[in-house]
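Visitor: Dumping the structure here so I can ask a few things about it.
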Amino acid sequence: MKGVKNNSIWLDAFFKLKKNKLAFTCLIIIIFYFAAGLLCALGVLFPHYALTNNDRSYLPPSPEDWFGTDIFGRDVLARSFHGIKISLTVGLAGTGLSVVIGSIFGAIAGYFGKVTDDLIVWLYTTLDTIPYILLLAGMSFVLGGGLGTLCFAIGITSWVNLCRLIRAEFMKHREKEYVHAATAIGSSHFRKIFVHIFPNVFHIIIINFSLGFIGAIKSEVILSYLGLGVEPGTPSWGLMITDARLELSRGVWWGLAAASALMFILVLAFNLFTDALREALDPKLRGKL
Amino acid sequence: MKRVFCSSNLKVGFAGAFFLSIALSLISCTSKKNNLANELRIASANLKGLDPVATGDETSSNVIALLYDTLFQYQYLKRPLTIEPNLADGMPQVSKDGLVHTIKIKKGIFFSDDASFSGGKGRELVSQDFVYSWKRLCDPRLASEGFWLFDGKVEGLDDWRKAVQKDGKNFDAPVPGFQTPDSSTIVIKLSRPFYQLHNILAMVYTAPVPKEAVDKYGKEMVNHAVGTGPFRLESWTRNSQISLVKNPHYHGVYPSVGDTGDAEKGRLAMAGQKIPFVDRLIFYEIVEDQPIWLKFLKGDTDITAIPKDNFDAAIKNKDVAPDLAAKGVKLDRAPGYDLTYTSFNMLDPLFKNNVNLRYAVAQAQDTKTTIEKFQNGRGIEAQSIIPPELESYDPNFKNARLEFKVEKAKEYLAIAGYPGGKGLPELEYMVTNSSTARQGAELFQTDLGRLGIKVKISAVSWPQFLERLRDRKFQVTGAAWVADYPDAENFLALLYSKNASPGPNNSNFSNPEFDKLFEQAARTPPGPARNALYQKMRDISAEQLPIIPSTHREGYSLYHGWVTNYKANSVIVDRFKYVQIDVPKRTQLKEKL
Amino acid sequence: MLKYVLKRLLYMIPILLGVTLITFLLFNVVGGDPALQAAGRYATPEQVQLVKAELGLDRGLPAQYLFFVKQIVSFDFGRSWSTKQTISKMIMDGVGASLSLTIPAFFLTVFLSISIALLIAYFRGTFVDRAIFVICLAAISLSSLVYILYMQYYFSFQLGLFPISGWSPDWLERWEYLTLPIFIFVSISLGGSVIFYRTIFMDEIFQDYVRTARAKGLSHTAVLFKHILRNALIPIITIVVIEMPALILGSLLLESYFGIPGLGGMIFQALQSADFPVIKAMTFISAFLYMIFQLISDVLYVVVDPKVQLK
């Protein structure tokens, strides 16, 4: 019974998504970004992104350099593309961590209830009361800058919403027939949580992941402005936008334009895709996620 | 039915238009009012506080200097900088051994009115006020950043500090080195010769603060200003603006002696007149470069420094860009009395005994590019630790080891034991976390990359930066030093071993020969003999390169056509008290902006 | 009702303890030795010791924690390390400025976005709905720094419609400085807000009572205003109340660019100068307000909708 139900959700969603042309385009854009990020990381695409040439600084866009050059004569387009790599890393690692914490805590709290539940609810209510920006900035400040700590800080501060939803779902599911049946045949708690109930709440995790991804990318920009971003010299969008805000007044608009345009397209595609995904998987989640 | 819907949306439109029109009408009346005031308006970074002892940052000092006054000051127009009496009545009498300084103070100078005085009327300044304020500066409980001024130089000061640290009541005990035979005489007894004493008595840390005010306000002195300065505090909205009004009883007059070019620029027209000339001085506290620059272009501020990225638009061929010049904007250039440098941590085993590695780094640095990219060409390549404009500066001194020569650098790296960078661990370059500092670090990374040396940049916040300097936990960093007073000693102190961290010698350089010369120079009165000692120390630092001198910067500031008497100088912190505004001309010129 | 409120107030205690524990762990334990930072530059070891004693840092961690809790209870957070000002005064000074930016901006956003969301709800499923939705998503996908940089440059400098930056302590005079920042605030937050309220209206539209009303022959518009708007008002009010405490944080970027002396700028500076006492105080205060407003919101929910039962 469980299997049937699941298949239908995912298949149904797939067909709905396929019909939605806009969402499909967005998916292709996202895949394109991932491919570009991977190719940059492998050094296939724009390997010259770090190449400096001090005689060519602040050149405006031309057929040679589509988005001009920066202070050290580096190709802005190349650096913006390498920014994809950083943003996707932050998105994947930061959101990945947050999803793992959120779903495990949510599952444990919802499944076991009682004191475990009280403790976890207390923990996330406490975290939730602190304004996100203060929590995130405070965390990154204390841990120090850098890509690793940035992902860690984002992950450890942004799991509350998912945890709450998963907990509620687990509380519903643990009383369901199929779980009782599993208990009857002697399944362990671990098996019941991860093999039986989890597949039924997986769509929530997927949607949350997609939303968290957007949040993580935007957080990187804010943290960079606060001076808590990735290592200097790394071509991240946050650092590029932060530096370019000063350069704008010397008429160098292309640094800001390139980084924010690339970021804009990715975030917009993600936003549109997430909306379609939610619509397809579980329209009731609107407003909660 | 659809019409109902439309009208509700129309209301939104009306509301918006109404809102906007109110706003616009408000703007037009306030800006007209502002144009007629004899006010000087300047953009400033965020101000921390107004207590001369508690607050030592540059921004706050610029304001404190206008509210409080010092014993001595520098002549406004004359260069090189020459010290002159301010609150002091004439220059001090100095005993033959240079240890006893007797200073007379001017009579008839009053503190600004304040509730802490009986009757609310400011009382006359007396010599005891100075001694009280200096003791406050040295009070270990206040931990003032300015304590180093007197540290180790005044008779009996250390014992007094120890007593105060044990019990705060001992504060009232006398310091043998600070004496007041009568209410208009101060006698300072030094424990060793200290020829910069008059310079430090021109710094705002040593300004007189009345005891009554400190007793009343305590730590809240950061929000009060009870001084004898050219201006008085009118209001301060923290993080927004501070407004100072003219002190009508101020004793100062505009200087009559100028330097070359001052007369032509109209800077001597007001000679001998009472200062200040403006009725009010407003500092706008602005963090971001864009509003600072736009405000100046609109004529909302009168004088401005030029944000790095606005430089190309503002300056052409070392002069004001034609479009700005047409609007009456003028340029003032002033030497920065400063040094930017790369500092090694000499306690790090990698650099400690490997002078060739330091040479390699020095010759790999592309200083010309630094000046072009980060200083807009307004600076010169430093040849030594001593900046120009100081007496012991030698324009003919060149240090070949600071030349940008990659081949030579590679040779040194090989002699150092790391041919092609092989075997050398990745270096860590520490910077503060601002866009400019980060980009500077990237340049360093590129420069050393040419030799095959890998550099990791760690960008940290300003407090973390200071903490790591103090704990001696860094490898290489970039730094800058701006003169507190015009004497090479202030720069050479950066390498004196007793100043090692937490003192200003952050490279923790320790060289017995250098120390011996430094101590000898401290005992030598100003003159050729001392300059020779300074140059010997300079030669040691050029040979050892514990720090790599990079550039000496030049300050550029712009001011509008209605501003007169402005002459920039980083050492003269109270310079705005001399500035004059031509109000009708402002009304006329602002229309063109 | 009273019992419920009391119970909720009691539940605030463990949460607030949790908040103090987290900030304490973060800044006093993980964040390194605060005394070193508080003592300032060139501080000798003896000076650091003195500062430690003054800040209560020479005691063990539990004693330090109690000291921190005591500070909070007495609303005396000590002095900022960087400015040497009392923190309670810094907060009292900044809160008015932050609120005069955020309150009008927030309510304007709510008003505008509800109007637009109603419009979309009216046209749901059509091209207008889709277009506005995509525009809103696009608006929130753009970095807010871009809004500020361009709008300040264009409206204040190029067109000269507003002052570039500035502030007046006078309540009436400050509006000339606030107009543009409020306008930018609304532009930045409108997109997300419209999407949110659209969701609420859409939820209501598919409720049974709507179908019944339509079946009774009421017109589309009448249903939208009479029934849907009224019913949607409940979630809207509760959400608005919950979002209000965040308004005291001001806006970090807008305050920095427009010279508004609010708490956003204060937090920004505190973060940059590692001014931990300020950050700790702000964290606690905003958490406290958040809980109070959440309680108000829950109580309002019952008052507006008698069907809801309190547990």
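Please note that chains go A, B, ... in the order of the structure tokens, that every chain numbers its residues from 1, and that ligands are numbered from 1 in the order shown.
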Find the residues in chain B near chain A: any atom within 6 Å counts, using only C-alpha atoms. Write them as a ChimeraX atom specification.

Guide: /B:309-310,433,435,438,442

Visitor: Could you write out that same residue set with N, CA and C atoms as a PDB file, in the first residue's frame?

Guide:
```
ATOM      1  N   ASP B 309      37.192  55.018  -5.130  1.00  0.00           N
ATOM      2  CA  ASP B 309      36.605  54.712  -6.425  1.00  0.00           C
ATOM      3  C   ASP B 309      35.965  55.917  -7.097  1.00  0.00           C
ATOM      4  N   ASN B 310      35.963  57.059  -6.430  1.00  0.00           N
ATOM      5  CA  ASN B 310      35.483  58.269  -7.078  1.00  0.00           C
ATOM      6  C   ASN B 310      36.638  59.099  -7.603  1.00  0.00           C
ATOM      7  N   ASN B 433      38.979  42.923   7.165  1.00  0.00           N
ATOM      8  CA  ASN B 433      37.988  42.539   6.180  1.00  0.00           C
ATOM      9  C   ASN B 433      37.288  43.726   5.541  1.00  0.00           C
ATOM     10  N   SER B 435      36.860  45.722   1.557  1.00  0.00           N
ATOM     11  CA  SER B 435      37.078  45.440   0.143  1.00  0.00           C
ATOM     12  C   SER B 435      38.498  45.794  -0.272  1.00  0.00           C
ATOM     13  N   ARG B 438      41.190  43.511   1.242  1.00  0.00           N
ATOM     14  CA  ARG B 438      41.147  42.191   0.604  1.00  0.00           C
ATOM     15  C   ARG B 438      41.817  42.222  -0.752  1.00  0.00           C
ATOM     16  N   GLU B 442      45.134  40.329  -2.348  1.00  0.00           N
ATOM     17  CA  GLU B 442      45.157  39.570  -3.599  1.00  0.00           C
ATOM     18  C   GLU B 442      46.368  39.955  -4.443  1.00  0.00           C
TER      19      GLU B 442
END
```

Visitor: Could you write out as an MDAnalysis selection string the residues of chain B within 6 Å of chain C, counting only C-alpha atoms?

Guide: chainID B and resid 23 27 48 239:240 286:288 463 502:503

Visitor: Can you write just those residues out, N, CA and C atoms, as an mmCIF file, in the first residue's frame?

Guide:
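And here's part-v7.cif as it stands now:
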```
data_model
loop_
_atom_site.group_PDB
_atom_site.id
_atom_site.type_symbol
_atom_site.label_atom_id
_atom_site.label_comp_id
_atom_site.auth_asym_id
_atom_site.auth_seq_id
_atom_site.Cartn_x
_atom_site.Cartn_y
_atom_site.Cartn_z
ATOM 1 N N ALA B 23 6.051 65.079 1.072
ATOM 2 C CA ALA B 23 7.495 64.916 1.213
ATOM 3 C C ALA B 23 8.227 65.986 0.415
ATOM 4 N N ILE B 27 10.852 69.032 1.691
ATOM 5 C CA ILE B 27 12.236 69.141 1.262
ATOM 6 C C ILE B 27 12.573 70.552 0.832
ATOM 7 N N LYS B 48 32.628 57.703 18.103
ATOM 8 C CA LYS B 48 32.403 56.799 19.241
ATOM 9 C C LYS B 48 32.053 57.559 20.508
ATOM 10 N N ASN B 239 25.355 58.210 15.562
ATOM 11 C CA ASN B 239 25.291 57.564 14.249
ATOM 12 C C ASN B 239 24.566 58.413 13.213
ATOM 13 N N SER B 240 24.356 59.677 13.493
ATOM 14 C CA SER B 240 23.682 60.521 12.516
ATOM 15 C C SER B 240 24.446 61.817 12.329
ATOM 16 N N ILE B 286 28.527 59.206 8.227
ATOM 17 C CA ILE B 286 28.088 58.385 7.093
ATOM 18 C C ILE B 286 29.063 57.238 6.902
ATOM 19 N N VAL B 287 28.539 56.046 6.716
ATOM 20 C CA VAL B 287 29.388 54.862 6.609
ATOM 21 C C VAL B 287 29.772 54.571 5.162
ATOM 22 N N GLU B 288 28.795 54.687 4.262
ATOM 23 C CA GLU B 288 29.024 54.218 2.904
ATOM 24 C C GLU B 288 29.621 55.306 2.018
ATOM 25 N N PRO B 463 38.910 43.927 15.343
ATOM 26 C CA PRO B 463 39.316 43.473 16.684
ATOM 27 C C PRO B 463 40.104 42.163 16.671
ATOM 28 N N PRO B 502 52.297 43.726 23.150
ATOM 29 C CA PRO B 502 51.179 44.484 22.595
ATOM 30 C C PRO B 502 51.487 45.927 22.193
ATOM 31 N N GLY B 503 52.739 46.347 22.231
ATOM 32 C CA GLY B 503 53.092 47.688 21.764
ATOM 33 C C GLY B 503 53.032 47.761 20.252
#
```

Visitor: Specify as a VMD selection string all residues of chain A found within 10 Å of chain C, counting only C-alpha atoms.

Guide: chain A and resid 121 to 135 137 to 139 141 to 144 214 218 221 to 222 225 to 228 238 241 to 242 245 to 246 248 to 249 256 to 257 260 to 261 263 to 272 275 283 to 284 286 to 287

Visitor: Please provide the set of residues having any atom within 9 Å of segment 208-210 of chain A, restricted to only C-alpha atoms, with same-chain residues fewer than 3 positions apart removed, written as a PDB file with C-alpha atoms, in the first residue's frame.

Guide:
```
ATOM      1  CA  LEU A  92      24.361  22.228  -1.368  1.00  0.00           C
ATOM      2  CA  THR A  95      21.166  23.381   2.931  1.00  0.00           C
ATOM      3  CA  GLY A  96      22.288  19.758   3.013  1.00  0.00           C
ATOM      4  CA  SER A  98      20.223  21.987   7.540  1.00  0.00           C
ATOM      5  CA  VAL A  99      18.041  19.319   5.914  1.00  0.00           C
ATOM      6  CA  ASN A 161      11.111  25.217   9.802  1.00  0.00           C
ATOM      7  CA  LEU A 162      11.745  21.794   8.302  1.00  0.00           C
ATOM      8  CA  HIS A 203       8.473  15.427  -0.685  1.00  0.00           C
ATOM      9  CA  ILE A 204       8.535  17.970   2.156  1.00  0.00           C
ATOM     10  CA  ILE A 205      12.272  17.590   2.419  1.00  0.00           C
ATOM     11  CA  PHE A 213      19.043  26.641  -1.463  1.00  0.00           C
ATOM     12  CA  ILE A 214      17.739  30.094  -2.377  1.00  0.00           C
ATOM     13  CA  PHE A 270      14.876  28.212  -8.395  1.00  0.00           C
ATOM     14  CA  ASN A 271      11.955  30.227  -7.072  1.00  0.00           C
ATOM     15  CA  PHE A 273      10.750  25.790 -10.050  1.00  0.00           C
ATOM     16  CA  THR A 274      10.169  25.396  -6.316  1.00  0.00           C
ATOM     17  CA  LEU A 289       7.024  26.217   3.324  1.00  0.00           C
TER      18      LEU A 289
END
```

Visitor: Where does DSSP see alpha helix (DSSP H) in segment 62-126 of chain C, if you list the residues as a ChimeraX atom specification?

Guide: /C:62-73,87-122

Visitor: Record the distance separating atom CA of Leu492 of chain B and atom CA of Ser541 of chain B, expressed in Å with one decimal.

Guide: 9.0 Å

Visitor: Please provide as a VMD selection string all residues within 9 Å of Ser497 of chain B, with the sequence filter that same-chain residues fewer than 5 positions apart are discarded (counting only C-alpha atoms).

Guide: chain B and resid 505 508 to 512 514 to 515

Visitor: Using only C-alpha atoms, find the one residue out of A:Ile30, A:Val201, A:Ala23, A:Leu281 that sits nearest to Lys172 of chain A.

Guide: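 Comparing A:Ile30, A:Val201, A:Ala23, A:Leu281 against Lys172 of chain A, the winner is A:Val201.
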
Visitor: Skipping near chain neighbours, those fewer than 2 positions away, what residues fall within 7 Å of Val253 of chain B using only C-alpha atoms, listed as a count of residues only?

Guide: 6

Visitor: I'd like the interatomic distance between atom CA of Arg174 of chain A and atom CA of Gly212 of chain A, to a tenth of an Å.

Guide: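 Rounded to one decimal, the two atoms are 26.7 Å apart.
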
Visitor: So how many Å separate atom CA of Asp70 of chain A and atom CA of Thr436 of chain B, to one decimal?

Guide: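 Atom CA of Thr436 of chain B lies at a distance of 13.1 Å from atom CA of Asp70 of chain A.
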
Visitor: Env of Met346 of chain B: 9 Å cut, atoms = only C-alpha atoms, seq-sep filter 3 positions within chain, self excluded. Answer as a PDB file with N, CA and C atoms, in the first residue's frame.

Guide:
```
ATOM      1  N   SER B 343      54.537  43.691   7.070  1.00  0.00           N
ATOM      2  CA  SER B 343      55.239  43.345   8.294  1.00  0.00           C
ATOM      3  C   SER B 343      55.358  41.831   8.436  1.00  0.00           C
ATOM      4  N   PRO B 349      59.596  31.196  13.038  1.00  0.00           N
ATOM      5  CA  PRO B 349      60.892  30.594  12.703  1.00  0.00           C
ATOM      6  C   PRO B 349      61.242  30.723  11.216  1.00  0.00           C
ATOM      7  N   LEU B 350      60.229  30.811  10.388  1.00  0.00           N
ATOM      8  CA  LEU B 350      60.459  30.897   8.947  1.00  0.00           C
ATOM      9  C   LEU B 350      61.229  32.166   8.572  1.00  0.00           C
ATOM     10  N   PHE B 351      60.880  33.276   9.209  1.00  0.00           N
ATOM     11  CA  PHE B 351      61.501  34.552   8.844  1.00  0.00           C
ATOM     12  C   PHE B 351      62.642  34.947   9.762  1.00  0.00           C
ATOM     13  N   LYS B 352      62.594  34.428  10.976  1.00  0.00           N
ATOM     14  CA  LYS B 352      63.478  34.900  12.030  1.00  0.00           C
ATOM     15  C   LYS B 352      64.941  34.939  11.588  1.00  0.00           C
ATOM     16  N   ASN B 353      65.432  33.816  11.103  1.00  0.00           N
ATOM     17  CA  ASN B 353      66.851  33.765  10.770  1.00  0.00           C
ATOM     18  C   ASN B 353      67.083  33.683   9.272  1.00  0.00           C
ATOM     19  N   GLN B 475      51.716  35.601  10.472  1.00  0.00           N
ATOM     20  CA  GLN B 475      52.969  35.417   9.738  1.00  0.00           C
ATOM     21  C   GLN B 475      53.379  36.698   9.025  1.00  0.00           C
ATOM     22  N   ASN B 506      54.805  45.535  16.007  1.00  0.00           N
ATOM     23  CA  ASN B 506      54.097  44.292  15.759  1.00  0.00           C
ATOM     24  C   ASN B 506      54.928  43.248  15.042  1.00  0.00           C
ATOM     25  N   SER B 507      56.059  43.682  14.435  1.00  0.00           N
ATOM     26  CA  SER B 507      56.909  42.681  13.797  1.00  0.00           C
ATOM     27  C   SER B 507      57.755  41.982  14.852  1.00  0.00           C
ATOM     28  N   ASN B 508      57.729  42.503  16.077  1.00  0.00           N
ATOM     29  CA  ASN B 508      58.506  41.930  17.182  1.00  0.00           C
ATOM     30  C   ASN B 508      59.984  41.841  16.842  1.00  0.00           C
ATOM     31  N   PHE B 509      60.454  42.806  16.086  1.00  0.00           N
ATOM     32  CA  PHE B 509      61.857  42.893  15.692  1.00  0.00           C
ATOM     33  C   PHE B 509      62.679  43.224  16.935  1.00  0.00           C
ATOM     34  N   SER B 510      63.797  42.543  17.100  1.00  0.00           N
ATOM     35  CA  SER B 510      64.628  42.821  18.256  1.00  0.00           C
ATOM     36  C   SER B 510      66.081  42.795  17.807  1.00  0.00           C
ATOM     37  N   PRO B 546      62.817  43.826   8.626  1.00  0.00           N
ATOM     38  CA  PRO B 546      61.765  43.139   9.378  1.00  0.00           C
ATOM     39  C   PRO B 546      60.385  43.602   8.901  1.00  0.00           C
TER      40      PRO B 546
END
```

Visitor: Of the candidates A:Leu223, A:Ile166, A:Gly148, A:Ala107, which one gets nearest to Phe194 of chain A if we count only C-alpha atoms?

Guide: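 Smallest distance to Phe194 of chain A is found for A:Ala107.
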
Visitor: Between B:Leu137, B:Ile188, B:Ile64, B:Ile109, which residue has the minimum interatomic distance to Phe171 of chain B, considering only C-alpha atoms?

Guide: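 Using only C-alpha atoms, the shortest distance to Phe171 of chain B belongs to B:Leu137.
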
Visitor: Could you give me, as a list in words, the residues within 12 Å of Gly420 of chain B, counting only C-alpha atoms and dropping anything in the same chain fewer than 4 positions from it?

Guide: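 The residues that qualify are Leu357, Ala360, Val406, Glu407, Ala409, Lys410, Glu411, Tyr412, Leu413, Ala414, Ile415, Ala416, Leu424, Leu448, Gly449, Arg450, Leu451, Gly452, Ile453 and Lys454 of chain B.
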